[in-house]
$ cat model.cif   # mmCIF, C-alpha atoms; chains and numbers go by the auth columns
data_my_file
loop_
_atom_site.group_PDB
_atom_site.id
_atom_site.type_symbol
_atom_site.label_atom_id
_atom_site.label_comp_id
_atom_site.label_asym_id
_atom_site.label_seq_id
_atom_site.Cartn_x
_atom_site.Cartn_y
_atom_site.Cartn_z
_atom_site.B_iso_or_equiv
_atom_site.auth_seq_id
_atom_site.auth_asym_id
ATOM 1 C CA MET A 1 -154.822 81.272 66.838 0.00 406 N
ATOM 2 C CA THR A 2 -152.094 83.456 68.348 0.00 407 N
ATOM 3 C CA ARG A 3 -149.625 80.605 68.606 0.00 408 N
ATOM 4 C CA HIS A 4 -150.190 79.566 65.012 0.00 409 N
ATOM 5 C CA LEU A 5 -149.689 83.129 63.824 0.00 410 N
ATOM 6 C CA LEU A 6 -146.492 83.521 65.867 0.00 411 N
ATOM 7 C CA TRP A 7 -145.140 80.256 64.438 0.00 412 N
ATOM 8 C CA LEU A 8 -145.911 81.371 60.903 0.00 413 N
ATOM 9 C CA ILE A 9 -144.338 84.797 61.388 0.00 414 N
ATOM 10 C CA LEU A 10 -141.219 83.319 62.961 0.00 415 N
ATOM 11 C CA LEU A 11 -140.915 80.730 60.212 0.00 416 N
ATOM 12 C CA GLY A 12 -141.350 83.419 57.563 0.00 417 N
ATOM 13 C CA LEU A 13 -138.697 85.607 59.192 0.00 418 N
ATOM 14 C CA PHE A 14 -136.389 82.595 59.457 0.00 419 N
ATOM 15 C CA ILE A 15 -136.689 81.938 55.735 0.00 420 N
ATOM 16 C CA LEU A 16 -136.446 85.657 54.917 0.00 421 N
ATOM 17 C CA GLN A 17 -133.251 86.227 56.899 0.00 422 N
ATOM 18 C CA GLY A 18 -131.508 83.308 55.257 0.00 423 N
ATOM 19 C CA SER A 19 -132.514 83.855 51.676 0.00 424 N
ATOM 20 C CA ILE A 20 -133.644 87.284 50.554 0.00 425 N
ATOM 21 C CA VAL A 21 -131.990 89.656 53.007 0.00 426 N
ATOM 22 C CA VAL A 22 -128.489 88.456 52.104 0.00 427 N
ATOM 23 C CA TRP A 23 -129.074 89.816 48.599 0.00 428 N
ATOM 24 C CA LEU A 24 -130.449 93.138 49.869 0.00 429 N
ATOM 25 C CA ILE A 25 -127.389 94.067 51.932 0.00 430 N
ATOM 26 C CA PRO A 26 -125.030 96.074 49.700 0.00 431 N
ATOM 27 C CA SER A 27 -121.811 94.317 48.760 0.00 432 N
ATOM 28 C CA ALA A 28 -119.839 97.450 49.712 0.00 433 N
ATOM 29 C CA TRP A 29 -120.939 96.897 53.306 0.00 434 N
ATOM 30 C CA GLN A 30 -119.889 93.255 53.219 0.00 435 N
ATOM 31 C CA SER A 31 -116.361 94.092 52.072 0.00 436 N
ATOM 32 C CA SER A 32 -115.465 96.067 55.203 0.00 437 N
ATOM 33 C CA VAL A 33 -117.927 94.749 57.799 0.00 438 N
ATOM 34 C CA HIS A 34 -120.028 91.628 58.124 0.00 439 N
ATOM 35 C CA VAL A 35 -123.737 92.206 58.737 0.00 440 N
ATOM 36 C CA THR A 36 -125.819 89.245 59.886 0.00 441 N
ATOM 37 C CA PRO A 37 -129.607 89.594 59.921 0.00 442 N
ATOM 38 C CA HIS A 38 -131.227 88.137 63.055 0.00 443 N
ATOM 39 C CA PHE A 39 -134.879 88.859 62.337 0.00 444 N
ATOM 40 C CA THR A 40 -136.145 85.822 64.234 0.00 445 N
ATOM 41 C CA LEU A 41 -134.183 86.938 67.288 0.00 446 N
ATOM 42 C CA VAL A 42 -135.669 90.437 67.038 0.00 447 N
ATOM 43 C CA PHE A 43 -139.168 88.963 66.899 0.00 448 N
ATOM 44 C CA ILE A 44 -138.373 86.658 69.828 0.00 449 N
ATOM 45 C CA LEU A 45 -137.221 89.687 71.817 0.00 450 N
ATOM 46 C CA PHE A 46 -140.512 91.393 70.936 0.00 451 N
ATOM 47 C CA ILE A 47 -142.369 88.296 72.160 0.00 452 N
ATOM 48 C CA GLY A 48 -140.455 88.556 75.434 0.00 453 N
ATOM 49 C CA LEU A 49 -141.308 92.249 75.736 0.00 454 N
ATOM 50 C CA PHE A 50 -144.967 92.245 74.767 0.00 455 N
ATOM 51 C CA HIS A 51 -146.261 88.697 75.148 0.00 456 N
ATOM 52 C CA HIS A 52 -144.531 86.598 77.816 0.00 457 N
ATOM 53 C CA ARG A 53 -140.947 85.753 78.713 0.00 458 N
ATOM 54 C CA HIS A 54 -141.561 82.010 78.922 0.00 459 N
ATOM 55 C CA SER A 55 -142.981 82.006 75.402 0.00 460 N
ATOM 56 C CA ALA A 56 -139.893 83.882 74.231 0.00 461 N
ATOM 57 C CA LEU A 57 -137.704 81.269 75.915 0.00 462 N
ATOM 58 C CA ILE A 58 -139.466 78.389 74.155 0.00 463 N
ATOM 59 C CA TYR A 59 -139.517 80.104 70.759 0.00 464 N
ATOM 60 C CA GLY A 60 -135.859 81.082 71.200 0.00 465 N
ATOM 61 C CA LEU A 61 -134.787 77.554 72.061 0.00 466 N
ATOM 62 C CA LEU A 62 -136.687 76.002 69.158 0.00 467 N
ATOM 63 C CA PHE A 63 -135.798 78.508 66.452 0.00 468 N
ATOM 64 C CA GLY A 64 -132.231 78.743 67.716 0.00 469 N
ATOM 65 C CA LEU A 65 -131.905 74.985 67.385 0.00 470 N
ATOM 66 C CA LEU A 66 -133.428 75.187 63.916 0.00 471 N
ATOM 67 C CA HIS A 67 -130.862 77.854 63.076 0.00 472 N
ATOM 68 C CA ASP A 68 -128.073 75.655 64.450 0.00 473 N
ATOM 69 C CA PHE A 69 -129.184 72.740 62.299 0.00 474 N
ATOM 70 C CA ASN A 70 -129.788 74.750 59.163 0.00 475 N
ATOM 71 C CA TYR A 71 -126.994 77.326 58.995 0.00 476 N
ATOM 72 C CA TYR A 72 -124.386 76.921 61.657 0.00 477 N
ATOM 73 C CA GLY A 73 -123.457 73.283 61.939 0.00 478 N
ATOM 74 C CA ALA A 74 -120.057 73.501 63.664 0.00 479 N
ATOM 75 C CA MET A 75 -121.531 73.178 67.143 0.00 480 N
ATOM 76 C CA LEU A 76 -125.178 72.666 68.036 0.00 481 N
ATOM 77 C CA GLY A 77 -126.825 74.700 70.756 0.00 482 N
ATOM 78 C CA VAL A 78 -125.027 78.043 70.523 0.00 483 N
ATOM 79 C CA TYR A 79 -127.865 79.895 68.809 0.00 484 N
ATOM 80 C CA SER A 80 -130.472 77.953 70.770 0.00 485 N
ATOM 81 C CA PHE A 81 -128.926 78.927 74.091 0.00 486 N
ATOM 82 C CA GLY A 82 -128.337 82.529 73.036 0.00 487 N
ATOM 83 C CA MET A 83 -131.791 83.142 71.581 0.00 488 N
ATOM 84 C CA GLY A 84 -133.588 81.483 74.474 0.00 489 N
ATOM 85 C CA LEU A 85 -131.601 83.341 77.115 0.00 490 N
ATOM 86 C CA THR A 86 -131.872 86.769 75.506 0.00 491 N
ATOM 87 C CA GLY A 87 -135.613 86.346 74.864 0.00 492 N
ATOM 88 C CA TYR A 88 -136.179 85.393 78.481 0.00 493 N
ATOM 89 C CA LEU A 89 -134.016 88.252 79.795 0.00 494 N
ATOM 90 C CA ALA A 90 -135.838 90.755 77.559 0.00 495 N
ATOM 91 C CA GLY A 91 -139.137 89.682 79.081 0.00 496 N
ATOM 92 C CA LEU A 92 -137.629 89.866 82.544 0.00 497 N
ATOM 93 C CA ALA A 93 -136.278 93.379 81.968 0.00 498 N
ATOM 94 C CA GLN A 94 -139.673 94.605 80.757 0.00 499 N
ATOM 95 C CA ARG A 95 -141.706 93.445 83.762 0.00 500 N
ATOM 96 C CA ARG A 96 -141.673 96.596 85.861 0.00 501 N
ATOM 97 C CA GLN A 97 -140.690 99.307 83.416 0.00 502 N
ATOM 98 C CA PRO A 98 -142.774 101.745 81.409 0.00 503 N
ATOM 99 C CA ASN A 99 -143.709 100.576 77.944 0.00 504 N
ATOM 100 C CA LEU A 100 -141.885 103.273 75.942 0.00 505 N
ATOM 101 C CA ILE A 101 -140.439 102.854 72.465 0.00 506 N
ATOM 102 C CA PHE A 102 -136.997 104.090 73.522 0.00 507 N
ATOM 103 C CA TYR A 103 -136.813 101.731 76.470 0.00 508 N
ATOM 104 C CA ASN A 104 -138.051 98.768 74.425 0.00 509 N
ATOM 105 C CA LEU A 105 -135.557 99.442 71.626 0.00 510 N
ATOM 106 C CA LEU A 106 -132.821 99.778 74.247 0.00 511 N
ATOM 107 C CA ILE A 107 -133.749 96.346 75.610 0.00 512 N
ATOM 108 C CA ILE A 108 -133.727 94.916 72.084 0.00 513 N
ATOM 109 C CA GLY A 109 -130.338 96.503 71.355 0.00 514 N
ATOM 110 C CA VAL A 110 -128.838 95.165 74.575 0.00 515 N
ATOM 111 C CA GLY A 111 -130.382 91.762 73.866 0.00 516 N
ATOM 112 C CA LEU A 112 -128.883 91.689 70.362 0.00 517 N
ATOM 113 C CA LEU A 113 -125.476 92.723 71.704 0.00 518 N
ATOM 114 C CA LEU A 114 -125.700 90.109 74.469 0.00 519 N
ATOM 115 C CA PHE A 115 -126.545 87.476 71.854 0.00 520 N
ATOM 116 C CA GLU A 116 -123.525 88.511 69.763 0.00 521 N
ATOM 117 C CA PHE A 117 -121.273 88.299 72.850 0.00 522 N
ATOM 118 C CA ILE A 118 -122.654 84.859 73.748 0.00 523 N
ATOM 119 C CA ASP A 119 -122.063 83.662 70.196 0.00 524 N
ATOM 120 C CA TYR A 120 -118.536 85.078 70.135 0.00 525 N
ATOM 121 C CA GLY A 121 -117.703 83.852 73.640 0.00 526 N
ATOM 122 C CA ILE A 122 -118.795 80.256 73.125 0.00 527 N
ATOM 123 C CA ASN A 123 -117.116 80.001 69.732 0.00 528 N
ATOM 124 C CA HIS A 124 -113.915 81.557 71.077 0.00 529 N
ATOM 125 C CA LEU A 125 -114.010 79.313 74.149 0.00 530 N
ATOM 126 C CA PHE A 126 -114.116 76.174 72.046 0.00 531 N
ATOM 127 C CA LYS A 127 -111.547 77.596 69.596 0.00 532 N
ATOM 128 C CA LEU A 128 -113.883 77.599 66.603 0.00 533 N
ATOM 129 C CA ILE A 129 -112.870 81.178 65.802 0.00 534 N
ATOM 130 C CA ASP A 130 -109.575 82.963 66.296 0.00 535 N
ATOM 131 C CA ILE A 131 -110.579 86.623 66.118 0.00 536 N
ATOM 132 C CA GLU A 132 -109.743 89.148 68.786 0.00 537 N
ATOM 133 C CA LEU A 133 -112.659 90.799 70.572 0.00 538 N
ATOM 134 C CA LYS A 134 -111.942 94.357 69.390 0.00 539 N
ATOM 135 C CA PHE A 135 -111.987 93.334 65.728 0.00 540 N
ATOM 136 C CA ALA A 136 -115.099 91.195 66.184 0.00 541 N
ATOM 137 C CA LEU A 137 -116.875 94.011 68.007 0.00 542 N
ATOM 138 C CA THR A 138 -116.193 96.637 65.338 0.00 543 N
ATOM 139 C CA HIS A 139 -116.499 94.473 62.215 0.00 544 N
ATOM 140 C CA TYR A 140 -119.123 91.872 63.153 0.00 545 N
ATOM 141 C CA MET A 141 -121.098 92.626 66.295 0.00 546 N
ATOM 142 C CA LEU A 142 -121.935 96.340 66.168 0.00 547 N
ATOM 143 C CA PRO A 143 -122.870 96.435 62.451 0.00 548 N
ATOM 144 C CA SER A 144 -125.172 93.445 62.955 0.00 549 N
ATOM 145 C CA VAL A 145 -126.749 95.008 66.037 0.00 550 N
ATOM 146 C CA LEU A 146 -127.346 98.316 64.260 0.00 551 N
ATOM 147 C CA PHE A 147 -128.821 96.616 61.183 0.00 552 N
ATOM 148 C CA ASN A 148 -131.172 94.517 63.321 0.00 553 N
ATOM 149 C CA LEU A 149 -132.133 97.555 65.415 0.00 554 N
ATOM 150 C CA LEU A 150 -133.133 99.308 62.196 0.00 555 N
ATOM 151 C CA PHE A 151 -135.358 96.333 61.385 0.00 556 N
ATOM 152 C CA ALA A 152 -136.790 96.446 64.932 0.00 557 N
ATOM 153 C CA LEU A 153 -137.545 100.155 64.600 0.00 558 N
ATOM 154 C CA ILE A 154 -139.289 99.670 61.246 0.00 559 N
ATOM 155 C CA CYS A 155 -141.428 96.789 62.553 0.00 560 N
ATOM 156 C CA TYR A 156 -142.025 98.126 66.080 0.00 561 N
ATOM 157 C CA VAL A 157 -145.591 99.424 65.741 0.00 562 N
ATOM 158 C CA PRO A 158 -147.116 96.492 63.803 0.00 563 N
ATOM 159 C CA ILE A 159 -145.457 93.893 66.015 0.00 564 N
ATOM 160 C CA ARG A 160 -146.499 95.702 69.184 0.00 565 N
ATOM 161 C CA LYS A 161 -150.111 95.935 68.007 0.00 566 N
ATOM 162 C CA LEU A 162 -150.092 92.264 67.049 0.00 567 N
ATOM 163 C CA LEU A 163 -148.580 91.015 70.310 0.00 568 N
ATOM 164 C CA GLU A 164 -150.391 93.334 72.711 0.00 569 N
ATOM 165 C CA GLY A 165 -153.723 92.757 70.990 0.00 570 N
ATOM 166 C CA LYS A 166 -153.400 88.991 71.438 0.00 571 N
ATOM 167 C CA ARG A 167 -152.300 89.073 75.068 0.00 572 N
ATOM 168 C CA ILE A 168 -154.931 88.284 77.664 0.00 573 N
ATOM 169 C CA VAL A 169 -153.762 89.107 81.182 0.00 574 N
ATOM 170 C CA PRO A 170 -155.926 88.110 84.136 0.00 575 N
ATOM 171 C CA ALA A 171 -156.411 90.804 86.753 0.00 576 N
ATOM 172 C CA ASN A 172 -154.346 90.737 89.963 0.00 577 N
ATOM 173 C CA THR A 173 -151.888 88.059 88.837 0.00 578 N
ATOM 174 C CA GLU A 174 -148.124 88.286 88.595 0.00 579 N
ATOM 175 C CA ASP A 175 -145.498 85.945 87.158 0.00 580 N
#
$ encode --input "model.cif" --output "structure tokens"
Amino acid sequence: MTRHLLWLILLGLFILQGSIVVWLIPSAWQSSVHVTPHFTLVFILFIGLFHHRHSALIYGLLFGLLHDFNYYGAMLGVYSFGMGLTGYLAGLAQRRQPNLIFYNLLIIGVGLLLFEFIDYGINHLFKLIDIELKFALTHYMLPSVLFNLLFALICYVPIRKLLEGKRIVPANTED
């Protein structure tokens, strides 16, 4: 049942971030900075933190590829690679650390920023964009990271209860 629920939540967030949230962001924000909602990535990072890093890798690869097909189109695999890698690294960073809200939100923030750098780096490498890093960081990356961190903070407690309640960890086993 857990897998079906995770699929449904991720699919709902995928549809939500592409349809409704674009209308909710004020147009005054969009004139000076560009905010991109990455709610599926935030949930994938939560899966890496509270469920399992391999699950986050699989969900990241699949929903990243779905995002590449649906929205991006110029080059397939950028979002798939970025979401899978950051979900896996979030789960890897959480393995031996205390489970505190500040630390978890720090991991999510670093994961979102890493995803933005991967997206920028691959697109700049293949000359799909011609924007300098300083401008991209201040007008695209940081506003998107802050907006998605706000979403992560709002949804932290329900997602943590959902994912930790469904996790069954055998005693005396490590990854």
$ atom_distance --input "model.cif" --atom1 "CA of Leu567 in chain N" --atom2 "CA of Tyr476 in chain N"
28.7 Å
$ residues_around --input "model.cif" --residues "range 519-534 of chain N" --least-positions-apart "2" --cutoff "8 Å" --atoms "all atoms listed in the file" --output "list in words"
Ala479, Val483, Tyr484, Gly487, Met488, Thr491, Val515, Gly516, Leu517, Ile536 and Met546 of chain N
$ residues_near_point --input "model.cif" --point "(-141.5, 78.1, 72.7)" --cutoff "12 Å" --atoms "only C-alpha atoms" --output "ChimeraX atom specification"
/N:408-409,411-412,415,449,452-453,456-470,485,488-489,492-493
$ axis_aligned_box --input "model.cif" --around "range 529-544 of chain N" --padding-each-side "3 Å" --output "AutoDock Vina command-line options"
--center_x -113.2 --center_y 86.4 --center_z 68.2 --size_x 13.3 --size_y 26.5 --size_z 17.9
$ closest_residue --input "model.cif" --among "N:Ala495, N:Leu418, N:Pro442, N:Tyr545" --to "Ile430 in chain N" --atoms "all atoms listed in the file"
N:Pro442
$ atom_distance --input "model.cif" --atom1 "CA of Asn509 in chain N" --atom2 "CA of Gly496 in chain N"
10.3 Å
$ resolve_selection --input "model.cif" --expression "the PyMOL selection byres ((chain N and resi 499-506) around 10)" --output "ChimeraX atom specification"
/N:453-455,457-458,494-498,507-512,558,561-562,565,579-580
$ atom_distance --input "model.cif" --atom1 "CA of Gln422 in chain N" --atom2 "CA of Gly570 in chain N"
25.7 Å
$ resolve_selection --input "model.cif" --expression "the PyMOL selection byres ((chain N and resi 420) around 12)" --output "list of chain:residue names"
N:Leu413, N:Ile414, N:Leu415, N:Leu416, N:Gly417, N:Leu418, N:Phe419, N:Leu421, N:Gln422, N:Gly423, N:Ser424, N:Ile425, N:Val426, N:Val427, N:Pro442, N:His443, N:Phe444, N:Thr445, N:Phe468, N:Leu471, N:His472, N:Asn475, N:Tyr476
$ resolve_selection --input "model.cif" --expression "the PyMOL selection byres ((chain N and resi 438) around 8)" --output "PyMOL selection string"
chain N and resi 434-437+439-440+543-545+548
$ build_atoms --input "model.cif" --residues "range 445-469 of chain N" --atoms "N, CA, C and O atoms" --output "short mmCIF file (atom, residue, chain, number, x, y, z; two decimals), in the coordinates of the input"
data_model
loop_
_atom_site.label_atom_id
_atom_site.label_comp_id
_atom_site.auth_asym_id
_atom_site.auth_seq_id
_atom_site.Cartn_x
_atom_site.Cartn_y
_atom_site.Cartn_z
N THR N 445 -135.41 86.69 63.30
CA THR N 445 -136.15 85.82 64.23
C THR N 445 -135.81 86.19 65.68
O THR N 445 -136.69 86.17 66.53
N LEU N 446 -134.56 86.53 65.94
CA LEU N 446 -134.18 86.94 67.29
C LEU N 446 -134.88 88.24 67.67
O LEU N 446 -135.35 88.37 68.81
N VAL N 447 -134.97 89.18 66.75
CA VAL N 447 -135.67 90.44 67.04
C VAL N 447 -137.13 90.16 67.39
O VAL N 447 -137.66 90.70 68.36
N PHE N 448 -137.78 89.28 66.62
CA PHE N 448 -139.17 88.96 66.90
C PHE N 448 -139.30 88.21 68.23
O PHE N 448 -140.27 88.43 68.97
N ILE N 449 -138.35 87.36 68.54
CA ILE N 449 -138.37 86.66 69.83
C ILE N 449 -138.21 87.65 70.98
O ILE N 449 -138.86 87.53 72.02
N LEU N 450 -137.36 88.65 70.79
CA LEU N 450 -137.22 89.69 71.82
C LEU N 450 -138.52 90.47 71.96
O LEU N 450 -138.91 90.82 73.08
N PHE N 451 -139.20 90.74 70.85
CA PHE N 451 -140.51 91.39 70.94
C PHE N 451 -141.52 90.51 71.66
O PHE N 451 -142.35 91.01 72.43
N ILE N 452 -141.47 89.21 71.43
CA ILE N 452 -142.37 88.30 72.16
C ILE N 452 -142.08 88.37 73.66
O ILE N 452 -143.00 88.41 74.48
N GLY N 453 -140.81 88.42 74.03
CA GLY N 453 -140.46 88.56 75.43
C GLY N 453 -140.94 89.87 76.03
O GLY N 453 -141.35 89.93 77.18
N LEU N 454 -140.89 90.94 75.23
CA LEU N 454 -141.31 92.25 75.74
C LEU N 454 -142.83 92.38 75.85
O LEU N 454 -143.33 92.89 76.85
N PHE N 455 -143.54 91.94 74.84
CA PHE N 455 -144.97 92.24 74.77
C PHE N 455 -145.89 91.06 75.02
O PHE N 455 -147.09 91.26 75.24
N HIS N 456 -145.38 89.85 74.96
CA HIS N 456 -146.26 88.70 75.15
C HIS N 456 -145.97 88.04 76.49
O HIS N 456 -146.70 88.24 77.45
N HIS N 457 -144.91 87.25 76.56
CA HIS N 457 -144.53 86.60 77.82
C HIS N 457 -143.12 86.07 77.69
O HIS N 457 -142.73 85.58 76.64
N ARG N 458 -142.36 86.16 78.77
CA ARG N 458 -140.95 85.75 78.71
C ARG N 458 -140.77 84.25 78.56
O ARG N 458 -139.81 83.80 77.95
N HIS N 459 -141.68 83.46 79.08
CA HIS N 459 -141.56 82.01 78.92
C HIS N 459 -141.83 81.59 77.48
O HIS N 459 -141.20 80.66 76.97
N SER N 460 -142.75 82.27 76.83
CA SER N 460 -142.98 82.01 75.40
C SER N 460 -141.75 82.36 74.60
O SER N 460 -141.37 81.64 73.67
N ALA N 461 -141.11 83.48 74.93
CA ALA N 461 -139.89 83.88 74.23
C ALA N 461 -138.78 82.86 74.45
O ALA N 461 -138.01 82.57 73.52
N LEU N 462 -138.71 82.30 75.63
CA LEU N 462 -137.70 81.27 75.92
C LEU N 462 -137.93 80.04 75.04
O LEU N 462 -136.99 79.52 74.41
N ILE N 463 -139.16 79.58 74.96
CA ILE N 463 -139.47 78.39 74.16
C ILE N 463 -139.22 78.65 72.68
O ILE N 463 -138.57 77.84 71.99
N TYR N 464 -139.74 79.77 72.17
CA TYR N 464 -139.52 80.10 70.76
C TYR N 464 -138.03 80.28 70.47
O TYR N 464 -137.54 79.88 69.42
N GLY N 465 -137.30 80.89 71.39
CA GLY N 465 -135.86 81.08 71.20
C GLY N 465 -135.11 79.77 71.16
O GLY N 465 -134.22 79.58 70.32
N LEU N 466 -135.45 78.86 72.06
CA LEU N 466 -134.79 77.55 72.06
C LEU N 466 -135.07 76.78 70.78
O LEU N 466 -134.15 76.21 70.17
N LEU N 467 -136.32 76.78 70.34
CA LEU N 467 -136.69 76.00 69.16
C LEU N 467 -136.13 76.60 67.87
O LEU N 467 -135.54 75.89 67.05
N PHE N 468 -136.30 77.91 67.69
CA PHE N 468 -135.80 78.51 66.45
C PHE N 468 -134.28 78.66 66.47
O PHE N 468 -133.65 78.67 65.42
N GLY N 469 -133.69 78.77 67.63
CA GLY N 469 -132.23 78.74 67.72
C GLY N 469 -131.67 77.38 67.33
O GLY N 469 -130.67 77.28 66.61
#
